[in-house]
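Visitor: Input: one structure, supplied below.
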Amino acid sequence: MASTSTLGAHIVKAMGEEPAFKVGHAVRISVRYPVGHYRVPTYVRGKCATITAILYSGVNNEDEGFGKNVGAKAHYYRLAIPQKDLWPEYAGGATDVLEIEVFETWLERTHPL
Amino acid sequence: MNPHDHPHDHPHDHAPIESPADAAPSYYEVMETSIRELLVEKQLISPAEIRHQLEVLDSRTPALGAKIVARAWVDPEFRSRLLADGRLACEEFGITFYDDTKLIVLENTAKVHNLIVCTLCSCYPRPVLGLPPDWYKAKPYRARAVKEPRAVLKEFGTEIPEDVEIRVSDSTSMMRYLVLPRRPEGTENFTEEQLAALVTRDAMIGVITVNPVN
């Protein structure tokens with residue numbers, strides 16, 4: 001991803017420096033079962049979600065917890081999932097949602113670039 | 001000690017009061033004690049450090065959160081800062097985030113009611129509310145709050161109209177959530193202190209609303 005710095009110089013950023021997704025993007029949460037200190041509850045895996053906020057880029061504690069890639073950072077998002085998509089038998093308003101935080105490593109595109 | 005080890009010079013017909021402290025320690029309690037004693041024995045941490053950390057935890061209570069909420073109700077600029085970055089705004093009050101978590105403040109409105117939960121464990125805005133209640137850490141609340149929030153709310157006596165969105169926030173890792181309840185009607189002339197007295201822990205978790213004042 002390229003951008004122009006305040007110095008006017010053309011700065012090329014490395015992959016992963018910028019978040020891959022923007023607010024409003026639709027994503028799918030991966031279905032994976034890694035061994036580790038994962039922070040993605042199983043009930044949201046495989047579900048489609050909308051990004052409501054890009055929180056920050058922080059230490060990925062899923063790896064950190066097992067001493068792997070110590071200090072490695074990942075973009076961290078807040079996502080919204082309609083309750084009716086999570087629970088087919090959900091009793092409540094159609095607008096009810098669940099919001100949850102997920103690292104970028106768990107997010108997949110739902111449509112091509 | 002056995003509840004009836006004391007001299008029996010007074011009549012009483014109550015059942016012996018069982019304190020949890022009398023029960024045998026659980027597997028994890030034994031593990032915690034063992035690790036703590038080993039760490040102290042190896043001089044990696046000191047008993048004074050453990051005691052200090054308990055003081056840190058004890059110094060955080062829902063009264064702090066209530067002060068934050070009351071300030072947000074009376075000061076629109078503070079409210080904006082609080083909603084933009086909960087941690088920064090709380091730090092204005094001298095509240096430190098000793099666990100290096102961040103804080104998102106979720107504002108209840110006429111259209112949205114927020115509820116917080118941690119399905120994986122017991123993530124809770126401890127820096128501003130102190131220790132979570134036992135039910136918050138128990139599996140029934142954790143499992144049901146995400147799946148049937150309206151039924152859970154009803155059990156707390158909270159009925160949210162169908163056309164109001166229920167927004168459940170599941171805290172999974174580095175973010176903590178605090179609900180900013182709606183300011184009740186009839187409090188227009190209240191002082192900030194009087195307002196803070198209305199705000200309870202459960203309202204900041206989102207299981208209840210702050211009741212209107214008659």
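Chain lettering (A, B, ...) mirrors the order of the structure tokens, residue numbering begins at 1 for each chain separately, and ligand numbering begins at 1 in order of display.
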Set the distance at 10 Å and use only C-alpha atoms: which residues neighbour Arg144 of chain B once local chain neighbours fewer than 6 positions away are removed? I'd like the list as a short mmCIF file (atom, residue, chain, number, x, y, z; two decimals) with C-alpha atoms, in the first residue's frame.

Guide:
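Heads up, here's the output in selection01.cif:
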```
data_model
loop_
_atom_site.label_atom_id
_atom_site.label_comp_id
_atom_site.auth_asym_id
_atom_site.auth_seq_id
_atom_site.Cartn_x
_atom_site.Cartn_y
_atom_site.Cartn_z
CA VAL B 117 -20.37 -10.71 28.95
CA THR B 119 -18.05 -16.18 27.25
CA ARG B 150 -33.75 -10.98 26.51
CA ALA B 151 -34.59 -13.97 28.70
CA VAL B 152 -31.56 -13.25 30.90
#
```

Visitor: At a cut-off of 12 Å, list the chain B residues touching chain A, using only C-alpha atoms, as a PDB file with C-alpha atoms, in the first residue's frame.

Guide:
```pdb
ATOM      1  CA  ALA B  84     -14.164   8.169  21.989  1.00  0.00           C
ATOM      2  CA  ASP B  85     -11.621   6.510  24.306  1.00  0.00           C
ATOM      3  CA  ASP B 100      -3.140  -2.703  30.334  1.00  0.00           C
ATOM      4  CA  THR B 101      -6.593  -3.311  28.942  1.00  0.00           C
ATOM      5  CA  LYS B 102      -8.470  -0.763  26.857  1.00  0.00           C
ATOM      6  CA  LEU B 103     -11.985   0.379  27.587  1.00  0.00           C
ATOM      7  CA  ILE B 104     -14.928   0.830  25.252  1.00  0.00           C
ATOM      8  CA  LEU B 106     -21.173   1.545  25.318  1.00  0.00           C
ATOM      9  CA  LYS B 111     -32.856   2.626  20.425  1.00  0.00           C
ATOM     10  CA  VAL B 112     -30.016   0.470  21.806  1.00  0.00           C
ATOM     11  CA  HIS B 113     -29.544  -1.421  25.048  1.00  0.00           C
ATOM     12  CA  ASN B 114     -26.075  -2.837  25.735  1.00  0.00           C
ATOM     13  CA  LEU B 115     -25.157  -5.918  27.736  1.00  0.00           C
ATOM     14  CA  ILE B 116     -21.644  -7.173  28.455  1.00  0.00           C
ATOM     15  CA  VAL B 117     -20.373 -10.710  28.954  1.00  0.00           C
ATOM     16  CA  CYS B 118     -17.197 -12.745  28.621  1.00  0.00           C
ATOM     17  CA  THR B 119     -18.049 -16.182  27.251  1.00  0.00           C
ATOM     18  CA  LEU B 120     -14.461 -17.460  27.380  1.00  0.00           C
ATOM     19  CA  CYS B 121     -13.613 -16.560  30.960  1.00  0.00           C
ATOM     20  CA  CYS B 123     -12.999 -10.413  31.317  1.00  0.00           C
ATOM     21  CA  ARG B 142     -21.801 -16.608  30.133  1.00  0.00           C
ATOM     22  CA  ALA B 143     -23.582 -19.117  27.909  1.00  0.00           C
ATOM     23  CA  ARG B 144     -27.025 -17.525  27.997  1.00  0.00           C
ATOM     24  CA  ALA B 145     -26.180 -13.820  27.731  1.00  0.00           C
ATOM     25  CA  VAL B 146     -25.055 -14.250  24.126  1.00  0.00           C
ATOM     26  CA  LYS B 147     -27.795 -16.667  23.121  1.00  0.00           C
ATOM     27  CA  GLU B 148     -30.923 -15.455  24.892  1.00  0.00           C
ATOM     28  CA  PRO B 149     -30.101 -11.993  26.255  1.00  0.00           C
ATOM     29  CA  ARG B 150     -33.746 -10.978  26.509  1.00  0.00           C
ATOM     30  CA  ALA B 151     -34.585 -13.971  28.699  1.00  0.00           C
ATOM     31  CA  VAL B 152     -31.564 -13.248  30.900  1.00  0.00           C
ATOM     32  CA  LEU B 153     -32.549  -9.587  31.199  1.00  0.00           C
ATOM     33  CA  GLU B 159     -37.872  -5.769  29.966  1.00  0.00           C
ATOM     34  CA  ILE B 160     -36.510  -4.165  26.823  1.00  0.00           C
ATOM     35  CA  PRO B 161     -39.115  -3.396  24.108  1.00  0.00           C
ATOM     36  CA  GLU B 162     -38.855  -5.529  20.970  1.00  0.00           C
ATOM     37  CA  ASP B 163     -38.068  -2.488  18.792  1.00  0.00           C
ATOM     38  CA  VAL B 164     -35.042  -1.585  20.924  1.00  0.00           C
ATOM     39  CA  GLU B 165     -31.882  -3.291  19.698  1.00  0.00           C
ATOM     40  CA  ILE B 166     -30.100  -5.493  22.212  1.00  0.00           C
ATOM     41  CA  ARG B 167     -26.373  -5.281  21.600  1.00  0.00           C
ATOM     42  CA  VAL B 168     -24.385  -7.928  23.450  1.00  0.00           C
ATOM     43  CA  SER B 169     -20.636  -7.360  23.642  1.00  0.00           C
ATOM     44  CA  ASP B 170     -18.560 -10.487  24.193  1.00  0.00           C
ATOM     45  CA  SER B 171     -15.230  -9.479  25.694  1.00  0.00           C
ATOM     46  CA  THR B 172     -12.566 -11.845  24.422  1.00  0.00           C
ATOM     47  CA  SER B 173      -9.113 -10.421  24.896  1.00  0.00           C
ATOM     48  CA  MET B 174      -7.784  -6.893  25.280  1.00  0.00           C
ATOM     49  CA  MET B 175     -10.938  -4.762  25.285  1.00  0.00           C
ATOM     50  CA  ARG B 176     -13.099  -4.199  28.304  1.00  0.00           C
ATOM     51  CA  TYR B 177     -16.607  -2.789  28.177  1.00  0.00           C
TER      52      TYR B 177
END
```

Visitor: Quick one: pull the distance between atom CA of Pro76 of chain B and atom CA of Gln194 of chain B, Å, one decimal.

Guide: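 If I compute the distance from atom CA of Pro76 of chain B to atom CA of Gln194 of chain B, I get 17.8 Å.
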
Visitor: Just the number, please: distance in Å from atom CA of Thr187 of chain B to atom CA of Gly206 of chain B, one decimal.

Guide: 20.0 Å

Visitor: Segment 9-212 of chain B: which residues are strand (DSSP E) by DSSP, as a list of chain:residue names?

Guide: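 DSSP on the backbone gives strand (DSSP E) at B:Lys102, B:Leu103, B:Ile104, B:Val105, B:Leu106, B:Glu107, B:Val112, B:His113, B:Asn114, B:Leu115, B:Ile116, B:Val117, B:Glu165, B:Ile166, B:Arg167, B:Val168, B:Ser169, B:Asp170, B:Met175, B:Arg176, B:Tyr177, B:Leu178, B:Val179, B:Leu180.
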